[in-house]
>>> print(open('start.pdb').read())   # PDB, C-alpha atoms
ATOM      1  CA  GLU A1202      77.188  24.416  -7.752  1.00  0.00           C
ATOM      2  CA  LYS A1203      77.587  21.258  -5.733  1.00  0.00           C
ATOM      3  CA  MET A1204      74.597  20.294  -3.597  1.00  0.00           C
ATOM      4  CA  LYS A1205      75.027  19.795   0.081  1.00  0.00           C
ATOM      5  CA  GLU A1206      74.137  16.393   1.432  1.00  0.00           C
ATOM      6  CA  THR A1207      71.577  17.971   3.768  1.00  0.00           C
ATOM      7  CA  ASP A1208      69.698  19.364   0.745  1.00  0.00           C
ATOM      8  CA  TRP A1209      68.933  15.899  -0.618  1.00  0.00           C
ATOM      9  CA  PRO A1210      65.409  14.633   0.181  1.00  0.00           C
ATOM     10  CA  ARG A1211      64.940  11.324   1.881  1.00  0.00           C
ATOM     11  CA  THR A1212      63.143   8.493   0.158  1.00  0.00           C
ATOM     12  CA  LYS A1213      60.164   6.873   1.865  1.00  0.00           C
ATOM     13  CA  GLY A1214      62.410   4.043   2.950  1.00  0.00           C
ATOM     14  CA  GLY A1215      64.694   6.440   4.823  1.00  0.00           C
ATOM     15  CA  ALA A1216      68.393   7.046   4.278  1.00  0.00           C
ATOM     16  CA  LYS A1217      71.694   6.223   5.906  1.00  0.00           C
ATOM     17  CA  LYS A1218      74.012   8.875   7.323  1.00  0.00           C
ATOM     18  CA  ASN A1219      76.510   8.442   4.492  1.00  0.00           C
ATOM     19  CA  GLY A1220      73.940   9.563   1.904  1.00  0.00           C
ATOM     20  CA  THR A1221      73.074   6.114   0.535  1.00  0.00           C
ATOM     21  CA  GLY A1222      69.432   5.939  -0.565  1.00  0.00           C
ATOM     22  CA  ARG A1223      69.056   9.680  -1.175  1.00  0.00           C
ATOM     23  CA  LEU A1224      67.942  11.430  -4.343  1.00  0.00           C
ATOM     24  CA  PRO A1225      69.026  14.788  -5.793  1.00  0.00           C
ATOM     25  CA  ILE A1226      66.791  17.694  -4.807  1.00  0.00           C
ATOM     26  CA  HIS A1227      65.304  18.012  -8.319  1.00  0.00           C
ATOM     27  CA  ILE A1228      64.079  14.384  -8.385  1.00  0.00           C
ATOM     28  CA  LYS A1229      60.908  13.571  -6.488  1.00  0.00           C
ATOM     29  CA  PRO A1230      60.774  10.276  -4.566  1.00  0.00           C
ATOM     30  CA  PRO A1231      58.840   7.702  -6.630  1.00  0.00           C
ATOM     31  CA  LEU A1232      55.395   6.485  -5.580  1.00  0.00           C
ATOM     32  CA  PHE A1233      55.367   2.715  -5.902  1.00  0.00           C
ATOM     33  CA  LYS A1234      52.218   0.814  -6.846  1.00  0.00           C
ATOM     34  CA  ALA A1235      51.166  -2.412  -5.136  1.00  0.00           C
ATOM     35  CA  ASP A1236      49.079  -5.298  -6.442  1.00  0.00           C
ATOM     36  CA  PRO A1237      45.736  -5.410  -4.540  1.00  0.00           C
ATOM     37  CA  ASN A1238      45.466  -9.199  -4.928  1.00  0.00           C
ATOM     38  CA  HIS A1239      48.934  -9.768  -3.522  1.00  0.00           C
ATOM     39  CA  ARG A1240      48.296  -7.302  -0.677  1.00  0.00           C
ATOM     40  CA  LYS A1241      45.093  -9.194   0.155  1.00  0.00           C
ATOM     41  CA  LYS A1242      47.007 -12.489   0.298  1.00  0.00           C
ATOM     42  CA  VAL A1243      49.715 -11.012   2.540  1.00  0.00           C
ATOM     43  CA  ALA A1244      47.129  -9.598   4.943  1.00  0.00           C
ATOM     44  CA  GLY A1245      45.246 -12.913   4.913  1.00  0.00           C
ATOM     45  CA  LYS A1246      48.451 -14.758   5.738  1.00  0.00           C
ATOM     46  CA  MET A1247      48.853 -12.653   8.880  1.00  0.00           C
ATOM     47  CA  PHE A1248      45.249 -13.368   9.890  1.00  0.00           C
ATOM     48  CA  TYR A1249      45.846 -17.104   9.493  1.00  0.00           C
ATOM     49  CA  GLU A1250      49.038 -16.853  11.531  1.00  0.00           C
ATOM     50  CA  LEU A1251      46.899 -15.700  14.465  1.00  0.00           C
ATOM     51  CA  GLU A1252      44.564 -18.636  13.818  1.00  0.00           C
ATOM     52  CA  LYS A1253      47.477 -21.084  14.064  1.00  0.00           C
ATOM     53  CA  ARG A1254      48.515 -19.855  17.508  1.00  0.00           C
ATOM     54  CA  GLN A1255      47.476 -21.577  20.719  1.00  0.00           C
ATOM     55  CA  LYS A1256      44.008 -20.654  21.916  1.00  0.00           C
ATOM     56  CA  ASN A1257      45.331 -19.085  25.112  1.00  0.00           C
ATOM     57  CA  THR A1258      47.254 -16.509  23.035  1.00  0.00           C
ATOM     58  CA  SER A1259      44.825 -15.939  20.156  1.00  0.00           C
ATOM     59  CA  LYS A1260      41.078 -16.509  19.755  1.00  0.00           C
ATOM     60  CA  VAL A1261      41.121 -15.953  16.002  1.00  0.00           C
ATOM     61  CA  ASP A1262      39.704 -19.023  14.277  1.00  0.00           C
ATOM     62  CA  GLU A1263      39.731 -20.047  10.619  1.00  0.00           C
ATOM     63  CA  ALA A1264      36.268 -18.620   9.939  1.00  0.00           C
ATOM     64  CA  LEU A1265      37.215 -15.185  11.300  1.00  0.00           C
ATOM     65  CA  ALA A1266      40.516 -15.149   9.378  1.00  0.00           C
ATOM     66  CA  LEU A1267      38.664 -15.920   6.132  1.00  0.00           C
ATOM     67  CA  GLN A1268      36.004 -13.328   6.970  1.00  0.00           C
ATOM     68  CA  LEU A1269      38.550 -10.559   7.545  1.00  0.00           C
ATOM     69  CA  LYS A1270      40.402 -11.482   4.352  1.00  0.00           C
ATOM     70  CA  ASP A1271      37.162 -11.310   2.344  1.00  0.00           C
ATOM     71  CA  TYR A1272      36.129  -7.997   3.903  1.00  0.00           C
ATOM     72  CA  TRP A1273      39.533  -6.445   3.225  1.00  0.00           C
ATOM     73  CA  SER A1274      39.358  -7.621  -0.393  1.00  0.00           C
ATOM     74  CA  VAL A1275      35.891  -6.086  -0.854  1.00  0.00           C
ATOM     75  CA  TYR A1276      37.071  -2.804   0.673  1.00  0.00           C
ATOM     76  CA  LEU A1277      40.042  -2.592  -1.711  1.00  0.00           C
ATOM     77  CA  LYS A1278      37.834  -3.278  -4.731  1.00  0.00           C
ATOM     78  CA  GLN A1279      35.343  -0.560  -3.759  1.00  0.00           C
ATOM     79  CA  VAL A1280      37.814   2.252  -3.077  1.00  0.00           C
ATOM     80  CA  ARG A1281      40.466   1.661  -5.760  1.00  0.00           C
ATOM     81  CA  PHE A1282      38.446   3.633  -8.339  1.00  0.00           C
ATOM     82  CA  LYS A1283      38.176   6.733  -6.166  1.00  0.00           C
ATOM     83  CA  ASN A1284      40.292   9.847  -6.519  1.00  0.00           C
ATOM     84  CA  TRP A1285      42.925   9.761  -3.777  1.00  0.00           C
ATOM     85  CA  SER A1286      43.441  13.531  -3.654  1.00  0.00           C
ATOM     86  CA  LYS A1287      39.696  14.231  -3.364  1.00  0.00           C
ATOM     87  CA  ASP A1288      38.399  11.191  -1.479  1.00  0.00           C
ATOM     88  CA  LYS A1289      41.342  10.546   0.840  1.00  0.00           C
ATOM     89  CA  LYS A1290      39.360  11.116   4.067  1.00  0.00           C
ATOM     90  CA  GLU A1291      36.517   8.862   2.948  1.00  0.00           C
ATOM     91  CA  VAL A1292      38.897   6.113   1.810  1.00  0.00           C
ATOM     92  CA  MET A1293      40.839   6.174   5.085  1.00  0.00           C
ATOM     93  CA  ARG A1294      37.629   6.260   7.138  1.00  0.00           C
ATOM     94  CA  LYS A1295      36.240   3.198   5.364  1.00  0.00           C
ATOM     95  CA  SER A1296      39.500   1.300   5.893  1.00  0.00           C
ATOM     96  CA  LYS A1297      38.318   0.701   9.467  1.00  0.00           C
ATOM     97  CA  SER A1298      35.118  -1.024   8.356  1.00  0.00           C
ATOM     98  CA  PRO A1299      36.436  -4.631   7.915  1.00  0.00           C
ATOM     99  CA  LEU A1300      37.629  -4.868  11.534  1.00  0.00           C
ATOM    100  CA  GLU A1301      34.959  -2.727  13.191  1.00  0.00           C
ATOM    101  CA  HIS A1302      32.137  -4.620  11.484  1.00  0.00           C
ATOM    102  CA  CYS A1303      33.303  -7.884  13.064  1.00  0.00           C
ATOM    103  CA  PHE A1304      32.995  -6.208  16.464  1.00  0.00           C
ATOM    104  CA  ASP A1305      29.442  -5.005  15.821  1.00  0.00           C
ATOM    105  CA  ASN A1306      30.330  -1.430  14.924  1.00  0.00           C
ATOM    106  CA  GLN A1307      28.640  -0.328  11.689  1.00  0.00           C
ATOM    107  CA  LYS A1308      29.827   3.276  11.887  1.00  0.00           C
ATOM    108  CA  PHE A1309      32.363   2.772   9.103  1.00  0.00           C
ATOM    109  CA  CYS A1310      30.464   0.163   7.055  1.00  0.00           C
ATOM    110  CA  MET A1311      29.338   0.565   3.460  1.00  0.00           C
ATOM    111  CA  HIS A1312      25.671   0.129   2.686  1.00  0.00           C
ATOM    112  CA  SER A1313      26.339  -2.026  -0.365  1.00  0.00           C
ATOM    113  CA  TRP A1314      27.685  -5.005   1.632  1.00  0.00           C
ATOM    114  CA  CYS A1315      26.686  -4.534   5.293  1.00  0.00           C
ATOM    115  CA  TYR A1316      23.431  -6.418   5.862  1.00  0.00           C
ATOM    116  CA  LYS A1317      23.009  -5.122   9.411  1.00  0.00           C
ATOM    117  CA  LEU A1318      23.290  -1.530   8.226  1.00  0.00           C
ATOM    118  CA  GLN A1319      20.644  -2.244   5.604  1.00  0.00           C
ATOM    119  CA  ALA A1320      18.405  -3.818   8.258  1.00  0.00           C
ATOM    120  CA  ILE A1321      18.834  -0.830  10.597  1.00  0.00           C
ATOM    121  CA  GLU A1322      17.840   1.606   7.835  1.00  0.00           C
ATOM    122  CA  GLN A1323      14.736  -0.503   7.138  1.00  0.00           C
ATOM    123  CA  GLY A1324      13.852  -0.732  10.822  1.00  0.00           C
ATOM    124  CA  LEU A1325      14.362  -4.501  10.943  1.00  0.00           C
ATOM    125  CA  SER A1326      16.250  -6.710  13.389  1.00  0.00           C
ATOM    126  CA  TYR A1327      19.335  -8.561  12.211  1.00  0.00           C
ATOM    127  CA  GLU A1328      20.972 -11.739  13.427  1.00  0.00           C
ATOM    128  CA  PRO A1329      24.447 -12.516  12.029  1.00  0.00           C
ATOM    129  CA  PRO A1330      25.144 -15.975  10.541  1.00  0.00           C
ATOM    130  CA  ILE A1331      26.308 -18.635  12.979  1.00  0.00           C
ATOM    131  CA  HIS A1332      29.706 -18.928  11.317  1.00  0.00           C
ATOM    132  CA  ARG A1333      30.187 -15.136  11.294  1.00  0.00           C
ATOM    133  CA  PRO A1334      29.152 -13.866  14.732  1.00  0.00           C
ATOM    134  CA  PHE A1335      29.859 -10.432  16.155  1.00  0.00           C
ATOM    135  CA  PHE A1336      32.527 -10.117  18.851  1.00  0.00           C
ATOM    136  CA  ASP A1337      32.740  -7.821  21.854  1.00  0.00           C
ATOM    137  CA  LYS A1338      35.606  -5.329  22.213  1.00  0.00           C
ATOM    138  CA  GLU A1339      35.680  -5.701  25.987  1.00  0.00           C
ATOM    139  CA  GLN A1340      35.443  -9.482  26.282  1.00  0.00           C
ATOM    140  CA  ASP A1341      37.711 -10.058  23.271  1.00  0.00           C
ATOM    141  CA  ARG A1342      40.010  -7.105  23.847  1.00  0.00           C
ATOM    142  CA  ASN A1343      43.218  -9.083  23.273  1.00  0.00           C
ATOM    143  CA  MET A1344      41.971 -10.390  19.922  1.00  0.00           C
ATOM    144  CA  TYR A1345      40.841  -6.897  18.902  1.00  0.00           C
ATOM    145  CA  MET A1346      44.265  -5.421  19.686  1.00  0.00           C
ATOM    146  CA  GLN A1347      46.040  -8.182  17.732  1.00  0.00           C
ATOM    147  CA  LEU A1348      43.868  -7.591  14.675  1.00  0.00           C
ATOM    148  CA  GLN A1349      44.095  -3.826  14.982  1.00  0.00           C
ATOM    149  CA  GLU A1350      47.878  -4.071  14.831  1.00  0.00           C
ATOM    150  CA  ILE A1351      47.606  -5.848  11.467  1.00  0.00           C
ATOM    151  CA  PHE A1352      45.104  -3.340  10.083  1.00  0.00           C
ATOM    152  CA  GLU A1353      47.252  -0.405  11.187  1.00  0.00           C
ATOM    153  CA  LYS A1354      50.046  -1.810   9.031  1.00  0.00           C
ATOM    154  CA  PHE A1355      47.963  -2.442   5.906  1.00  0.00           C
ATOM    155  CA  GLY A1356      45.555   0.459   6.481  1.00  0.00           C
ATOM    156  CA  SER A1357      48.112   3.256   6.731  1.00  0.00           C
ATOM    157  CA  GLU A1358      47.868   6.179   4.317  1.00  0.00           C
ATOM    158  CA  GLU A1359      51.053   5.153   2.519  1.00  0.00           C
ATOM    159  CA  SER A1360      49.872   1.560   2.126  1.00  0.00           C
ATOM    160  CA  ILE A1361      46.410   2.520   0.862  1.00  0.00           C
ATOM    161  CA  GLU A1362      47.794   5.102  -1.571  1.00  0.00           C
ATOM    162  CA  GLU A1363      49.902   2.379  -3.197  1.00  0.00           C
ATOM    163  CA  LEU A1364      46.677   0.518  -4.041  1.00  0.00           C
ATOM    164  CA  MET A1365      44.782   3.439  -5.589  1.00  0.00           C
ATOM    165  CA  HIS A1366      45.191   2.491  -9.242  1.00  0.00           C
ATOM    166  CA  LEU A1367      43.358   0.591 -11.973  1.00  0.00           C
ATOM    167  CA  PHE A1368      46.094  -1.903 -12.776  1.00  0.00           C
ATOM    168  CA  GLU A1369      45.343  -5.594 -12.334  1.00  0.00           C
ATOM    169  CA  ILE A1370      47.923  -8.370 -12.376  1.00  0.00           C
ATOM    170  CA  GLN A1371      45.286 -11.104 -12.666  1.00  0.00           C
ATOM    171  CA  LEU A1372      43.889  -9.372 -15.747  1.00  0.00           C
ATOM    172  CA  ASN A1373      47.401  -9.201 -17.182  1.00  0.00           C
ATOM    173  CA  GLU A1374      47.875 -12.945 -16.639  1.00  0.00           C
ATOM    174  CA  ALA A1375      44.456 -13.671 -18.158  1.00  0.00           C
ATOM    175  CA  LEU A1376      45.355 -11.659 -21.268  1.00  0.00           C
ATOM    176  CA  ASP A1377      48.692 -13.473 -21.522  1.00  0.00           C
ATOM    177  CA  GLN A1378      46.909 -16.830 -21.480  1.00  0.00           C
ATOM    178  CA  ALA A1379      44.312 -15.691 -24.034  1.00  0.00           C
ATOM    179  CA  ILE A1380      47.005 -14.332 -26.358  1.00  0.00           C
ATOM    180  CA  GLY A1381      49.016 -17.540 -25.857  1.00  0.00           C
ATOM    181  CA  GLN A1382      46.053 -19.629 -27.042  1.00  0.00           C
ATOM    182  CA  THR A1383      45.508 -17.398 -30.083  1.00  0.00           C
ATOM    183  CA  CYS A1384      49.217 -17.055 -30.847  1.00  0.00           C
ATOM    184  CA  PRO A1385      50.823 -20.402 -29.914  1.00  0.00           C
ATOM    185  CA  LYS A1386      54.581 -20.458 -29.465  1.00  0.00           C
ATOM    186  CA  PHE A1387      55.107 -23.264 -31.968  1.00  0.00           C
ATOM    187  CA  LYS A1388      54.031 -20.909 -34.785  1.00  0.00           C
ATOM    188  CA  LEU A1389      56.282 -18.123 -36.052  1.00  0.00           C
ATOM    189  CA  LEU A1390      54.049 -15.058 -36.158  1.00  0.00           C
ATOM    190  CA  GLY A1391      56.541 -12.316 -35.333  1.00  0.00           C
ATOM    191  CA  THR A1392      56.610  -9.128 -37.462  1.00  0.00           C
ATOM    192  CA  SER A1393      53.479 -10.277 -39.320  1.00  0.00           C
ATOM    193  CA  MET A1394      49.999  -8.802 -39.643  1.00  0.00           C
ATOM    194  CA  THR A1395      48.656 -12.136 -38.468  1.00  0.00           C
ATOM    195  CA  LEU A1396      50.163 -11.521 -35.033  1.00  0.00           C
ATOM    196  CA  THR A1397      48.739  -7.997 -34.902  1.00  0.00           C
ATOM    197  CA  THR A1398      45.293  -9.242 -35.919  1.00  0.00           C
ATOM    198  CA  ARG A1399      45.225 -12.037 -33.348  1.00  0.00           C
ATOM    199  CA  VAL A1400      46.378  -9.841 -30.471  1.00  0.00           C
ATOM    200  CA  SER A1401      43.893  -7.129 -31.480  1.00  0.00           C
ATOM    201  CA  LYS A1402      41.089  -9.696 -31.476  1.00  0.00           C
ATOM    202  CA  VAL A1403      41.911 -10.730 -27.897  1.00  0.00           C
ATOM    203  CA  LEU A1404      41.932  -7.103 -26.736  1.00  0.00           C
ATOM    204  CA  PHE A1405      38.674  -6.285 -28.527  1.00  0.00           C
ATOM    205  CA  VAL A1406      36.934  -9.303 -26.974  1.00  0.00           C
ATOM    206  CA  ARG A1407      38.229  -8.292 -23.551  1.00  0.00           C
ATOM    207  CA  ASN A1408      36.951  -4.726 -23.899  1.00  0.00           C
ATOM    208  CA  ILE A1409      33.601  -5.144 -25.665  1.00  0.00           C
ATOM    209  CA  GLY A1410      32.867  -8.895 -25.476  1.00  0.00           C
ATOM    210  CA  TYR A1411      32.403 -11.548 -28.173  1.00  0.00           C
ATOM    211  CA  LYS A1412      29.049 -10.198 -29.325  1.00  0.00           C
ATOM    212  CA  GLY A1413      30.272  -6.631 -29.678  1.00  0.00           C
ATOM    213  CA  TYR A1414      33.454  -7.738 -31.434  1.00  0.00           C
ATOM    214  CA  TYR A1415      31.732  -9.843 -34.094  1.00  0.00           C
ATOM    215  CA  ALA A1416      29.016  -7.205 -34.552  1.00  0.00           C
ATOM    216  CA  GLN A1417      31.686  -4.647 -35.477  1.00  0.00           C
ATOM    217  CA  VAL A1418      33.473  -7.145 -37.741  1.00  0.00           C
ATOM    218  CA  PHE A1419      30.238  -7.932 -39.634  1.00  0.00           C
ATOM    219  CA  GLU A1420      29.441  -4.232 -39.902  1.00  0.00           C
ATOM    220  CA  ALA A1421      32.920  -3.471 -41.309  1.00  0.00           C
ATOM    221  CA  LEU A1422      32.562  -6.303 -43.853  1.00  0.00           C
ATOM    222  CA  ARG A1423      28.969  -5.222 -44.630  1.00  0.00           C
ATOM    223  CA  ILE A1424      27.606  -8.616 -43.706  1.00  0.00           C
ATOM    224  CA  ASN A1425      24.039  -8.902 -42.481  1.00  0.00           C
ATOM    225  CA  GLN A1426      24.027 -10.904 -39.262  1.00  0.00           C
ATOM    226  CA  GLN A1427      20.539 -12.230 -40.044  1.00  0.00           C
ATOM    227  CA  ASP A1428      21.900 -13.903 -43.198  1.00  0.00           C
ATOM    228  CA  CYS A1429      24.445 -15.842 -41.125  1.00  0.00           C
ATOM    229  CA  LYS A1430      21.829 -17.686 -39.097  1.00  0.00           C
TER     230      LYS A1430
END
>>> encode(input="start.pdb", output="structure tokens")
Amino acid sequence: EKMKETDWPRTKGGAKKNGTGRLPIHIKPPLFKADPNHRKKVAGKMFYELEKRQKNTSKVDEALALQLKDYWSVYLKQVRFKNWSKDKKEVMRKSKSPLEHCFDNQKFCMHSWCYKLQAIEQGLSYEPPIHRPFFDKEQDRNMYMQLQEIFEKFGSEESIEELMHLFEIQLNEALDQAIGQTCPKFKLLGTSMTLTTRVSKVLFVRNIGYKGYYAQVFEALRINQQDCK
């Protein structure tokens, strides 16, 4: 039986009236993953664009742009290991912390990195660093609204869900470089056990470290490490 066009689900990007961009009803729309490091750079670029504007249109300076970029990066690193289906509310709640912290609101902050929240719990007073002062939502309302517009874009549920994974492009590039040093291109190692051994060594060192790798090698060869000193 032929499906009606109205029975086809829309993708997240939407669909045109002629049916372009639609999927059959039995195929679920794909969930795309995003690179946290690239997303951090894109968000930071938008912060710096506000810094480059004239002062009568934007009060964001270079220090604040760098601060917001760092805070957003820390937030992404701390929530990416959580379970999206179980911790969705907590993850979305904490997404407000980078912006709200800069405006002296610690309601959404995480204890592990917010020094003022730690001071409050210990009953101590806290003065922010000179280069990272707190701003006021009333006096700096225009700046707050400009920054909130950026965070609404990168802090939406769809955007955050794309970052909830354990993949790491920087790690992939680091492994490529390590394998390239162990398996140089000017040597023909393809389809050989030498290639398998060298790649395996790089992966073992990455997972358990040099000490753990050589300890297992010596144990497999029945070599006493004390005799090698």
>>> closest_atom_pairs(input="start.pdb", of="range 1330-1422 of chain A", to="range 1237-1258 of chain A", cutoff="10 Å", atoms="only C-alpha atoms", output="tab-separated table")
residue	atom	partner	partner_atom	distance
A:Asn1343	CA	A:Thr1258	CA	8.5
A:Met1344	CA	A:Thr1258	CA	8.7
A:Gln1347	CA	A:Leu1251	CA	8.2
A:Leu1348	CA	A:Phe1248	CA	7.6
A:Ile1351	CA	A:Met1247	CA	7.4
A:Phe1352	CA	A:Ala1244	CA	8.3
A:Lys1354	CA	A:Ala1244	CA	9.3
A:Phe1355	CA	A:Ala1244	CA	7.3
A:Ser1360	CA	A:Arg1240	CA	9.4
A:Ile1361	CA	A:Pro1237	CA	9.6
A:Glu1363	CA	A:Pro1237	CA	8.9
A:Leu1364	CA	A:Pro1237	CA	6.0
A:Met1365	CA	A:Pro1237	CA	9.0
A:His1366	CA	A:Pro1237	CA	9.2
A:Leu1367	CA	A:Pro1237	CA	9.8
A:Phe1368	CA	A:Pro1237	CA	9.0
A:Glu1369	CA	A:Pro1237	CA	7.8
A:Ile1370	CA	A:Asn1238	CA	7.9
A:Gln1371	CA	A:Asn1238	CA	8.0
>>> residues_around(input="start.pdb", residues="Val1280 in chain A", least_positions_apart="5", cutoff="12 Å", atoms="all atoms listed in the file", output="JSON list (two decimals) with C-alpha atoms, keeping the file's coordinate frame")
[["chain", "number", "residue", "atom", "x", "y", "z"],
["A", 1237, "PRO", "CA", 45.74, -5.41, -4.54],
["A", 1273, "TRP", "CA", 39.53, -6.44, 3.22],
["A", 1274, "SER", "CA", 39.36, -7.62, -0.39],
["A", 1275, "VAL", "CA", 35.89, -6.09, -0.85],
["A", 1285, "TRP", "CA", 42.92, 9.76, -3.78],
["A", 1288, "ASP", "CA", 38.40, 11.19, -1.48],
["A", 1289, "LYS", "CA", 41.34, 10.55, 0.84],
["A", 1290, "LYS", "CA", 39.36, 11.12, 4.07],
["A", 1291, "GLU", "CA", 36.52, 8.86, 2.95],
["A", 1292, "VAL", "CA", 38.90, 6.11, 1.81],
["A", 1293, "MET", "CA", 40.84, 6.17, 5.08],
["A", 1294, "ARG", "CA", 37.63, 6.26, 7.14],
["A", 1295, "LYS", "CA", 36.24, 3.20, 5.36],
["A", 1296, "SER", "CA", 39.50, 1.30, 5.89],
["A", 1311, "MET", "CA", 29.34, 0.56, 3.46],
["A", 1361, "ILE", "CA", 46.41, 2.52, 0.86],
["A", 1362, "GLU", "CA", 47.79, 5.10, -1.57],
["A", 1364, "LEU", "CA", 46.68, 0.52, -4.04],
["A", 1365, "MET", "CA", 44.78, 3.44, -5.59],
["A", 1366, "HIS", "CA", 45.19, 2.49, -9.24],
["A", 1367, "LEU", "CA", 43.36, 0.59, -11.97]]
>>> closest_residue(input="start.pdb", among="A:Leu1265, A:Tyr1276, A:Lys1270, A:Asp1341", to="His1312 in chain A", atoms="all atoms listed in the file")
A:Tyr1276
>>> resolve_selection(input="start.pdb", expression="the PyMOL selection byres ((chain A and resi 1306) around 12)", output="list in words")
Lys1297, Ser1298, Pro1299, Leu1300, Glu1301, His1302, Cys1303, Phe1304, Asp1305, Gln1307, Lys1308, Phe1309, Cys1310, Met1311, Cys1315, Lys1317, Leu1318, Phe1335, Phe1336, Asp1337 and Lys1338 of chain A
>>> atom_distance(input="start.pdb", atom1="CA of Cys1384 in chain A", atom2="CA of Gly1410 in chain A")
19.0 Å
>>> atom_distance(input="start.pdb", atom1="CA of Ile1380 in chain A", atom2="CA of Arg1399 in chain A")
7.6 Å
>>> atom_distance(input="start.pdb", atom1="CA of Gly1413 in chain A", atom2="CA of Thr1383 in chain A")
18.7 Å
>>> resolve_selection(input="start.pdb", expression="the PyMOL selection byres ((chain A and resi 1402) around 12)", output="count of residues only")
27
>>> axis_aligned_box(input="start.pdb", around="range 1344-1349 of chain A", padding_each_side="5 Å", output="AutoDock Vina command-line options")
--center_x 43.4 --center_y -7.1 --center_z 17.3 --size_x 15.2 --size_y 16.6 --size_z 15.2
>>> closest_residue(input="start.pdb", among="A:Phe1387, A:Glu1263, A:Gly1324, A:Glu1359", to="Leu1232 in chain A", atoms="only C-alpha atoms")
A:Glu1359
>>> decode(input="start.pdb", residues="range 1352-1363 of chain A", atoms="N, CA and C atoms", output="PDB file, in the first residue's frame")
ATOM      1  N   PHE A1352      22.895  32.077  24.642  1.00  0.00           N
ATOM      2  CA  PHE A1352      22.765  30.862  25.439  1.00  0.00           C
ATOM      3  C   PHE A1352      21.464  30.121  25.135  1.00  0.00           C
ATOM      4  N   GLU A1353      20.431  30.822  24.746  1.00  0.00           N
ATOM      5  CA  GLU A1353      19.189  30.152  24.363  1.00  0.00           C
ATOM      6  C   GLU A1353      19.393  29.310  23.108  1.00  0.00           C
ATOM      7  N   LYS A1354      20.274  29.754  22.235  1.00  0.00           N
ATOM      8  CA  LYS A1354      20.565  29.015  21.010  1.00  0.00           C
ATOM      9  C   LYS A1354      21.388  27.767  21.307  1.00  0.00           C
ATOM     10  N   PHE A1355      22.450  27.915  22.092  1.00  0.00           N
ATOM     11  CA  PHE A1355      23.335  26.781  22.366  1.00  0.00           C
ATOM     12  C   PHE A1355      22.867  25.957  23.563  1.00  0.00           C
ATOM     13  N   GLY A1356      21.945  26.485  24.358  1.00  0.00           N
ATOM     14  CA  GLY A1356      21.470  25.771  25.536  1.00  0.00           C
ATOM     15  C   GLY A1356      20.092  25.164  25.375  1.00  0.00           C
ATOM     16  N   SER A1357      19.621  25.034  24.138  1.00  0.00           N
ATOM     17  CA  SER A1357      18.321  24.404  23.909  1.00  0.00           C
ATOM     18  C   SER A1357      18.440  22.899  24.136  1.00  0.00           C
ATOM     19  N   GLU A1358      17.311  22.245  24.351  1.00  0.00           N
ATOM     20  CA  GLU A1358      17.322  20.804  24.597  1.00  0.00           C
ATOM     21  C   GLU A1358      17.922  20.046  23.423  1.00  0.00           C
ATOM     22  N   GLU A1359      17.564  20.429  22.207  1.00  0.00           N
ATOM     23  CA  GLU A1359      18.088  19.753  21.029  1.00  0.00           C
ATOM     24  C   GLU A1359      19.594  19.919  20.913  1.00  0.00           C
ATOM     25  N   SER A1360      20.094  21.125  21.208  1.00  0.00           N
ATOM     26  CA  SER A1360      21.520  21.389  21.107  1.00  0.00           C
ATOM     27  C   SER A1360      22.310  20.629  22.170  1.00  0.00           C
ATOM     28  N   ILE A1361      21.787  20.600  23.400  1.00  0.00           N
ATOM     29  CA  ILE A1361      22.482  19.905  24.480  1.00  0.00           C
ATOM     30  C   ILE A1361      22.469  18.402  24.259  1.00  0.00           C
ATOM     31  N   GLU A1362      21.357  17.869  23.752  1.00  0.00           N
ATOM     32  CA  GLU A1362      21.260  16.427  23.524  1.00  0.00           C
ATOM     33  C   GLU A1362      22.298  15.967  22.505  1.00  0.00           C
ATOM     34  N   GLU A1363      22.623  16.816  21.544  1.00  0.00           N
ATOM     35  CA  GLU A1363      23.623  16.464  20.538  1.00  0.00           C
ATOM     36  C   GLU A1363      25.018  16.316  21.141  1.00  0.00           C
TER      37      GLU A1363
END
